[in-house]
$ cat structure_17.cif   # mmCIF, C-alpha atoms
data_protein
#
loop_
_atom_site.label_atom_id
_atom_site.label_comp_id
_atom_site.auth_asym_id
_atom_site.auth_seq_id
_atom_site.Cartn_x
_atom_site.Cartn_y
_atom_site.Cartn_z
CA MET A 1 0.69 46.24 -0.88
CA ASN A 2 1.95 43.93 1.82
CA SER A 3 -1.13 41.68 1.55
CA THR A 4 -0.66 41.45 -2.22
CA ALA A 5 2.94 40.34 -1.77
CA GLN A 6 1.88 37.68 0.75
CA HIS A 7 -0.84 36.46 -1.61
CA ILE A 8 1.59 36.14 -4.52
CA GLU A 9 4.12 34.42 -2.27
CA ALA A 10 1.47 31.96 -1.10
CA ARG A 11 0.57 31.12 -4.71
CA LEU A 12 4.20 30.50 -5.62
CA SER A 13 4.87 27.97 -2.88
CA PRO A 14 4.19 24.38 -3.90
CA PRO A 15 1.23 22.59 -2.37
CA ASP A 16 1.96 20.32 0.56
CA LEU A 17 1.31 16.89 -0.90
CA ALA A 18 3.41 14.95 1.58
CA MET A 19 1.67 12.32 3.67
CA ASP A 20 2.72 11.06 7.07
CA ILE A 21 3.45 7.62 5.72
CA PRO A 22 6.82 6.23 6.71
CA GLU A 23 9.15 6.03 3.74
CA ARG A 24 9.55 2.45 2.65
CA SER A 25 10.70 0.75 -0.47
CA LEU A 26 8.17 -0.60 -2.89
CA ASP A 27 8.35 -4.06 -1.36
CA PRO A 28 5.00 -5.79 -0.79
CA GLU A 29 5.15 -5.40 2.98
CA GLY A 30 5.78 -1.65 2.74
CA ILE A 31 3.00 -1.21 0.20
CA ARG A 32 0.58 -3.25 2.32
CA GLU A 33 1.37 -1.13 5.36
CA ALA A 34 0.93 2.11 3.40
CA VAL A 35 -2.41 0.95 1.98
CA SER A 36 -3.57 -0.08 5.46
CA LEU A 37 -2.60 3.30 6.84
CA LEU A 38 -4.47 5.09 4.05
CA MET A 39 -7.54 2.97 4.73
CA ALA A 40 -7.36 3.74 8.44
CA ARG A 41 -7.31 7.43 7.57
CA GLY A 42 -10.34 7.06 5.31
CA GLU A 43 -8.33 7.77 2.15
CA LEU A 44 -10.01 4.91 0.29
CA ASP A 45 -9.58 6.29 -3.23
CA LEU A 46 -5.86 6.74 -2.71
CA ALA A 47 -5.60 3.31 -1.08
CA GLY A 48 -7.36 1.83 -4.10
CA GLU A 49 -5.04 3.58 -6.53
CA MET A 50 -1.99 2.47 -4.58
CA SER A 51 -3.16 -1.14 -4.50
CA ASP A 52 -3.90 -1.03 -8.25
CA LEU A 53 -0.35 0.16 -8.91
CA ALA A 54 1.06 -2.40 -6.49
CA ARG A 55 -0.51 -5.23 -8.49
CA MET A 56 1.38 -3.98 -11.56
CA ILE A 57 4.67 -3.93 -9.63
CA HIS A 58 4.07 -7.27 -7.86
CA PRO A 59 1.61 -9.17 -10.09
CA ASN A 60 2.09 -12.50 -8.31
CA ASN A 61 2.24 -11.38 -4.69
CA GLU A 62 -0.62 -12.81 -2.63
CA SER A 63 -0.49 -10.14 0.07
CA ILE A 64 -0.87 -7.38 -2.54
CA TRP A 65 -3.90 -9.12 -4.04
CA ALA A 66 -5.36 -9.67 -0.56
CA ILE A 67 -5.04 -6.00 0.47
CA SER A 68 -6.40 -4.95 -2.94
CA ALA A 69 -9.45 -7.15 -2.43
CA LEU A 70 -9.94 -5.74 1.06
CA VAL A 71 -9.86 -2.18 -0.30
CA ALA A 72 -12.46 -3.13 -2.92
CA GLU A 73 -14.64 -4.71 -0.23
CA VAL A 74 -14.44 -1.65 2.00
CA MET A 75 -15.37 0.50 -1.01
CA GLN A 76 -18.22 -1.93 -1.69
CA ASP A 77 -17.00 -2.53 -5.23
CA TRP A 78 -18.23 -6.10 -5.21
CA LEU A 79 -17.42 -6.93 -8.84
CA LYS A 80 -13.82 -5.78 -8.43
CA ALA A 81 -13.53 -7.60 -5.09
CA HIS A 82 -14.84 -10.77 -6.75
CA ALA A 83 -12.29 -10.49 -9.57
CA LEU A 84 -9.45 -9.82 -7.13
CA LEU A 85 -10.41 -12.70 -4.84
CA THR A 86 -10.74 -15.03 -7.82
CA ARG A 87 -7.18 -14.14 -8.85
CA LEU A 88 -5.97 -14.48 -5.27
CA ARG A 89 -7.43 -17.98 -5.09
CA GLN A 90 -5.64 -18.83 -8.36
CA LEU A 91 -2.36 -17.58 -6.90
CA GLN A 92 -2.89 -19.57 -3.70
CA GLY A 93 -3.59 -22.71 -5.70
CA ASN A 94 -3.97 -25.69 -3.39
CA ASN A 95 -3.22 -23.47 -0.41
CA VAL A 96 -6.28 -21.22 -0.46
CA THR A 97 -6.74 -19.95 3.07
CA ALA A 98 -9.97 -20.12 5.03
CA GLU A 99 -9.81 -16.32 5.24
CA THR A 100 -9.74 -16.01 1.45
CA TYR A 101 -12.72 -18.34 1.18
CA ARG A 102 -14.64 -16.38 3.82
CA HIS A 103 -14.07 -13.06 2.06
CA HIS A 104 -14.97 -14.48 -1.33
CA ILE A 105 -18.16 -16.06 -0.03
CA ARG A 106 -19.24 -12.76 1.57
CA VAL A 107 -18.53 -10.87 -1.66
CA LEU A 108 -20.55 -13.39 -3.65
CA ARG A 109 -23.42 -12.96 -1.22
CA CYS A 110 -23.20 -9.18 -1.61
CA LEU A 111 -23.45 -9.70 -5.36
CA GLY A 112 -26.56 -11.82 -4.84
CA SER A 113 -24.78 -14.90 -6.19
CA ASP A 114 -26.04 -17.16 -3.42
CA PHE A 115 -25.83 -20.43 -5.36
CA ILE A 116 -22.20 -19.75 -6.32
CA ALA A 117 -21.49 -18.79 -2.71
CA LEU A 118 -23.08 -22.05 -1.56
CA SER A 119 -20.87 -24.03 -3.93
CA LEU A 120 -17.78 -22.18 -2.72
CA VAL A 121 -18.62 -22.63 0.96
CA ARG A 122 -18.99 -26.38 0.38
CA THR A 123 -15.58 -26.44 -1.31
CA ALA A 124 -14.11 -24.45 1.58
CA LEU A 125 -15.64 -26.76 4.18
CA ASN A 126 -14.08 -29.77 2.45
CA ARG A 127 -10.72 -28.18 3.20
CA TYR A 128 -11.59 -26.52 6.53
CA PRO A 129 -14.39 -28.65 8.04
CA SER A 130 -14.05 -27.23 11.56
CA ASP A 131 -14.09 -23.55 10.56
CA ALA A 132 -17.03 -22.06 12.50
CA SER A 133 -17.44 -19.05 10.19
CA LEU A 134 -17.67 -21.27 7.14
CA GLN A 135 -20.18 -23.51 8.91
CA ASP A 136 -22.24 -20.41 9.79
CA GLU A 137 -22.14 -19.29 6.15
CA LEU A 138 -23.34 -22.71 5.01
CA GLU A 139 -26.22 -22.64 7.46
CA ALA A 140 -27.18 -19.09 6.51
CA LEU A 141 -27.06 -19.84 2.79
CA LEU A 142 -29.08 -23.06 3.14
CA THR A 143 -31.70 -21.19 5.18
CA LEU A 144 -31.79 -18.31 2.71
CA LEU A 145 -32.07 -20.54 -0.32
CA LYS A 146 -34.70 -22.76 1.33
CA THR A 147 -36.74 -19.68 2.24
CA SER A 148 -36.38 -18.37 -1.30
CA SER A 149 -37.47 -21.67 -2.83
CA ASP A 150 -40.40 -21.95 -0.40
CA SER A 151 -41.65 -18.53 -1.40
CA LEU A 152 -41.72 -19.59 -5.05
CA VAL A 153 -44.18 -22.40 -4.30
#
$ encode --input "structure_17.cif" --output "structure tokens"
Amino acid sequence: MNSTAQHIEARLSPPDLAMDIPERSLDPEGIREAVSLLMARGELDLAGEMSDLARMIHPNNESIWAISALVAEVMQDWLKAHALLTRLRQLQGNNVTAETYRHHIRVLRCLGSDFIALSLVRTALNRYPSDASLQDELEALLTLLKTSSDSLV
């Protein structure tokens, strides 16, 4: 009888859904930190859901779009990452960072959109001509596309 009472008592207690994430307001910095923590713990689905909700709360916040794109990249959801990075670049306007360009170029390459990636890396290098990673991407894309065109002949 004692075990039955313990079993019923266990069923009546609410599940422990609390996470060890420091309580913060819903400001972009707090959300970004929470999403980063979830990613570090391997809770990618929850991180993705949180970043999706964050974009509704802060639709014009660049850091929210950046962390959302990073979550999509880690989850290898290349189409979503491409859409998020496209929007991030729109938000950044004339101030698109080299980091945003690098991520977007890599996503385009993962999608197999090498010609679009080549166009974007050229645009990025016009703005950041000394960026070694962008120069490496250009070289890699030119080599890849030359090899591809040579194999067609």
$ closest_residue --input "structure_17.cif" --among "A:Leu142, A:Leu108, A:Ile31, A:Val96" --to "Ala81 (chain A)" --atoms "all atoms listed in the file"
A:Leu108
$ closest_residue --input "structure_17.cif" --among "A:Leu118, A:Ala69, A:Met39, A:Ala140" --to "Arg89 (chain A)" --atoms "all atoms listed in the file"
A:Ala69
$ resolve_selection --input "structure_17.cif" --expression "the PyMOL selection byres ((chain A and resi 98) around 10)" --output "PyMOL selection string"
chain A and resi 95-97+99-104+121+124-125+127-128+131+133-134
$ residues_around --input "structure_17.cif" --residues "region 82-85 of chain A" --least-positions-apart "4" --cutoff "12 Å" --atoms "all atoms listed in the file" --output "number ranges by chain"
A: 51-52, 55, 59-60, 62-73, 76-78, 89-92, 96-97, 99-113, 116-117
$ write_last_selection --input "structure_17.cif" --atoms "C-alpha atoms" --output "short mmCIF file (atom, residue, chain, number, x, y, z; two decimals), in the frame of the given file"
data_model
loop_
_atom_site.label_atom_id
_atom_site.label_comp_id
_atom_site.auth_asym_id
_atom_site.auth_seq_id
_atom_site.Cartn_x
_atom_site.Cartn_y
_atom_site.Cartn_z
CA SER A 51 -3.16 -1.14 -4.50
CA ASP A 52 -3.90 -1.03 -8.25
CA ARG A 55 -0.51 -5.23 -8.49
CA PRO A 59 1.61 -9.17 -10.09
CA ASN A 60 2.09 -12.50 -8.31
CA GLU A 62 -0.62 -12.81 -2.63
CA SER A 63 -0.49 -10.14 0.07
CA ILE A 64 -0.87 -7.38 -2.54
CA TRP A 65 -3.90 -9.12 -4.04
CA ALA A 66 -5.36 -9.67 -0.56
CA ILE A 67 -5.04 -6.00 0.47
CA SER A 68 -6.40 -4.95 -2.94
CA ALA A 69 -9.45 -7.15 -2.43
CA LEU A 70 -9.94 -5.74 1.06
CA VAL A 71 -9.86 -2.18 -0.30
CA ALA A 72 -12.46 -3.13 -2.92
CA GLU A 73 -14.64 -4.71 -0.23
CA GLN A 76 -18.22 -1.93 -1.69
CA ASP A 77 -17.00 -2.53 -5.23
CA TRP A 78 -18.23 -6.10 -5.21
CA ARG A 89 -7.43 -17.98 -5.09
CA GLN A 90 -5.64 -18.83 -8.36
CA LEU A 91 -2.36 -17.58 -6.90
CA GLN A 92 -2.89 -19.57 -3.70
CA VAL A 96 -6.28 -21.22 -0.46
CA THR A 97 -6.74 -19.95 3.07
CA GLU A 99 -9.81 -16.32 5.24
CA THR A 100 -9.74 -16.01 1.45
CA TYR A 101 -12.72 -18.34 1.18
CA ARG A 102 -14.64 -16.38 3.82
CA HIS A 103 -14.07 -13.06 2.06
CA HIS A 104 -14.97 -14.48 -1.33
CA ILE A 105 -18.16 -16.06 -0.03
CA ARG A 106 -19.24 -12.76 1.57
CA VAL A 107 -18.53 -10.87 -1.66
CA LEU A 108 -20.55 -13.39 -3.65
CA ARG A 109 -23.42 -12.96 -1.22
CA CYS A 110 -23.20 -9.18 -1.61
CA LEU A 111 -23.45 -9.70 -5.36
CA GLY A 112 -26.56 -11.82 -4.84
CA SER A 113 -24.78 -14.90 -6.19
CA ILE A 116 -22.20 -19.75 -6.32
CA ALA A 117 -21.49 -18.79 -2.71
#
$ atom_distance --input "structure_17.cif" --atom1 "CA of Glu49 (chain A)" --atom2 "CA of Val35 (chain A)"
9.3 Å
$ atom_distance --input "structure_17.cif" --atom1 "CA of Gly30 (chain A)" --atom2 "CA of Met56 (chain A)"
15.1 Å
$ closest_residue --input "structure_17.cif" --among "A:Thr143, A:Ala132, A:Asn61, A:Asn126" --to "Asp114 (chain A)" --atoms "all atoms listed in the file"
A:Thr143
$ atom_distance --input "structure_17.cif" --atom1 "CA of Ser119 (chain A)" --atom2 "CA of Ser148 (chain A)"
16.7 Å
$ closest_residue --input "structure_17.cif" --among "A:Gly48, A:Asn94, A:His58, A:Glu33" --to "Lys80 (chain A)" --atoms "all atoms listed in the file"
A:Gly48
